[in-house]
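**Student:** Quick one: this structure, given as structure tokens, is what I'll be asking you about.
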Amino acid sequence: MPTTVHIPLALSAVNMADANCFWTAKDGTNFDYGCLAFKDAALGKALFWGIVPKNLAATPAWNLILHHKAASGTGGNVVLTVKAKDVPTATALDAALTALHSSTAFAVETSANLTITTLSGTNYDSAEAIAAGNLLLVEVSREAADVNDTVNAEWNLLALVVRVDV
């Protein structure tokens, strides 16, 4: 029987073509923390990476989980495009990623609260197959100019986690 694990993905880079996504520190009341800030009303992109576990289950049933919040306000929906690529050895690194979500709205709680969102209702096995030991790249883009993005504030991504069966 497979075991499900959650593995945090590391930030690789933010889009160098604009300043709409950037790492920042937040001055909290009880503790300070870092996050990726995606500006409102603009496109912001960030690329994450991780290594697919060596003990991958025959059916990995992999998924992505966001830990996020609105920087201010009452929350709403954030519109995201999420892409991924499993990169084995002897394969071009800078190749096109596979779209997992295109301009999809995800709910965000009021700014005082953390939101934890599992992105797929099932898994991404058929959309982008992953293999043990490979590099996994994931790009998250906030489509803040989209009419369905109703957060109307900076959106903060605290962690991106891959959920996978091993």
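Residues are named by chain letter and number: chains run A, B, ... in the order of the structure tokens, numbers start at 1 in each chain, and ligands are numbered from 1 in the order shown.
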Just list as a PyMOL selection string whatever in chain A DSSP marks as strand (DSSP E).

**Tutor:** chain A and resi 4-8+10-14+21-26+33-38+43-51+63-70+76-87+98-108+115-118+135-143+155-165

**Student:** Within 10 Å of region 52-76 of chain A, which residues of region 92-113 of chain A show up? Give each one with its shortest atom-to-atom distance in Å (one decimal) and the two atoms involved, counting only C-alpha atoms, rows by chain then rising residue number, as JSON lines.

**Tutor:**
{"residue": "A:Ala105", "atom": "CA", "partner": "A:Gly76", "partner_atom": "CA", "distance": 9.3}
{"residue": "A:Phe106", "atom": "CA", "partner": "A:Gly76", "partner_atom": "CA", "distance": 8.3}
{"residue": "A:Ala107", "atom": "CA", "partner": "A:Gly76", "partner_atom": "CA", "distance": 5.8}
{"residue": "A:Val108", "atom": "CA", "partner": "A:Gly75", "partner_atom": "CA", "distance": 5.1}
{"residue": "A:Glu109", "atom": "CA", "partner": "A:Gly75", "partner_atom": "CA", "distance": 4.9}
{"residue": "A:Thr110", "atom": "CA", "partner": "A:Thr74", "partner_atom": "CA", "distance": 4.2}
{"residue": "A:Ser111", "atom": "CA", "partner": "A:Ala70", "partner_atom": "CA", "distance": 4.6}
{"residue": "A:Ala112", "atom": "CA", "partner": "A:Ser72", "partner_atom": "CA", "distance": 7.8}
{"residue": "A:Asn113", "atom": "CA", "partner": "A:Lys69", "partner_atom": "CA", "distance": 6.6}

**Student:** Using only C-alpha atoms, pick whichever of A:Ile7, A:Ala95, A:Val78, A:Ile51 has the shortest atom-to-atom distance to Gly133 (chain A).

**Tutor:**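 Closest to Gly133 (chain A) of all the choices is A:Ile51.
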
**Student:** Would you mind listing what lies within 7 Å of Thr4 (chain A) as a ChimeraX atom specification, with only C-alpha atoms counted and same-chain residues fewer than 3 positions away left out?

**Tutor:** /A:163-166

**Student:** Please provide as a list of chain:residue names all residues within 6 Å of region 138-149 of chain A, with the sequence filter that same-chain residues fewer than 3 positions apart are discarded (counting only C-alpha atoms).

**Tutor:** A:Asp40, A:Ala41, A:Ala42, A:Leu43, A:Gly44, A:Lys45, A:Ala46, A:Leu47, A:Phe48, A:Asn77, A:Val78, A:Val79, A:Leu80, A:Thr81, A:Val82, A:Lys83, A:Ala84

**Student:** Mind writing the picked residues with N, CA, C and O atoms as a CSV table (one decimal), in the first residue's frame?

**Tutor:**
chain,number,residue,atom,x,y,z
A,40,ASP,N,-1.2,42.8,-7.5
A,40,ASP,CA,-2.5,42.8,-8.0
A,40,ASP,C,-2.5,43.5,-9.4
A,40,ASP,O,-1.7,44.4,-9.7
A,41,ALA,N,-3.5,43.1,-10.3
A,41,ALA,CA,-3.7,43.7,-11.6
A,41,ALA,C,-2.5,43.5,-12.6
A,41,ALA,O,-2.4,44.3,-13.5
A,42,ALA,N,-1.7,42.5,-12.3
A,42,ALA,CA,-0.6,42.3,-13.3
A,42,ALA,C,-0.2,40.8,-13.3
A,42,ALA,O,-0.6,40.1,-12.4
A,43,LEU,N,0.5,40.4,-14.3
A,43,LEU,CA,1.0,39.1,-14.4
A,43,LEU,C,2.3,38.9,-13.6
A,43,LEU,O,3.2,39.7,-13.8
A,44,GLY,N,2.3,37.9,-12.7
A,44,GLY,CA,3.5,37.6,-12.0
A,44,GLY,C,3.8,36.1,-12.1
A,44,GLY,O,2.9,35.3,-12.0
A,45,LYS,N,5.1,35.7,-12.2
A,45,LYS,CA,5.4,34.3,-12.4
A,45,LYS,C,6.6,33.9,-11.5
A,45,LYS,O,7.5,34.7,-11.3
A,46,ALA,N,6.5,32.6,-11.0
A,46,ALA,CA,7.6,32.1,-10.2
A,46,ALA,C,7.8,30.6,-10.6
A,46,ALA,O,6.8,29.9,-10.9
A,47,LEU,N,9.0,30.2,-10.6
A,47,LEU,CA,9.4,28.8,-11.0
A,47,LEU,C,9.9,28.1,-9.8
A,47,LEU,O,10.8,28.6,-9.1
A,48,PHE,N,9.4,26.9,-9.5
A,48,PHE,CA,9.9,26.1,-8.4
A,48,PHE,C,10.5,24.8,-8.9
A,48,PHE,O,10.2,24.4,-10.0
A,77,ASN,N,-11.1,35.3,-5.0
A,77,ASN,CA,-10.5,34.3,-5.8
A,77,ASN,C,-9.2,34.8,-6.4
A,77,ASN,O,-9.1,36.0,-6.9
A,78,VAL,N,-8.2,34.0,-6.5
A,78,VAL,CA,-6.9,34.3,-7.2
A,78,VAL,C,-6.9,33.4,-8.5
A,78,VAL,O,-7.3,32.3,-8.4
A,79,VAL,N,-6.6,34.0,-9.6
A,79,VAL,CA,-6.6,33.3,-10.9
A,79,VAL,C,-5.1,32.9,-11.2
A,79,VAL,O,-4.3,33.7,-11.3
A,80,LEU,N,-4.9,31.6,-11.3
A,80,LEU,CA,-3.6,31.0,-11.5
A,80,LEU,C,-3.5,30.2,-12.8
A,80,LEU,O,-4.5,29.5,-13.2
A,81,THR,N,-2.4,30.2,-13.5
A,81,THR,CA,-2.0,29.3,-14.5
A,81,THR,C,-0.8,28.5,-13.9
A,81,THR,O,0.1,29.1,-13.4
A,82,VAL,N,-1.0,27.2,-13.9
A,82,VAL,CA,0.1,26.3,-13.3
A,82,VAL,C,0.6,25.3,-14.3
A,82,VAL,O,-0.3,24.7,-15.0
A,83,LYS,N,1.9,25.3,-14.5
A,83,LYS,CA,2.5,24.4,-15.5
A,83,LYS,C,3.5,23.6,-14.8
A,83,LYS,O,4.1,24.0,-13.8
A,84,ALA,N,3.9,22.4,-15.4
A,84,ALA,CA,4.9,21.5,-14.8
A,84,ALA,C,5.6,20.8,-15.9
A,84,ALA,O,5.2,20.6,-17.0

**Student:** In Å, how far is it from CA of Thr29 (chain A) to CA of Leu11 (chain A)?

**Tutor:**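 Separating CA of Thr29 (chain A) from CA of Leu11 (chain A) is a distance of 25.6 Å.
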
**Student:** When you count only C-alpha atoms, which of these residues is closest to Leu114 (chain A): A:Thr98, A:Asn134, A:Asn156, A:Thr91?

**Tutor:**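 Of all the options, A:Asn156 lies closest to Leu114 (chain A).
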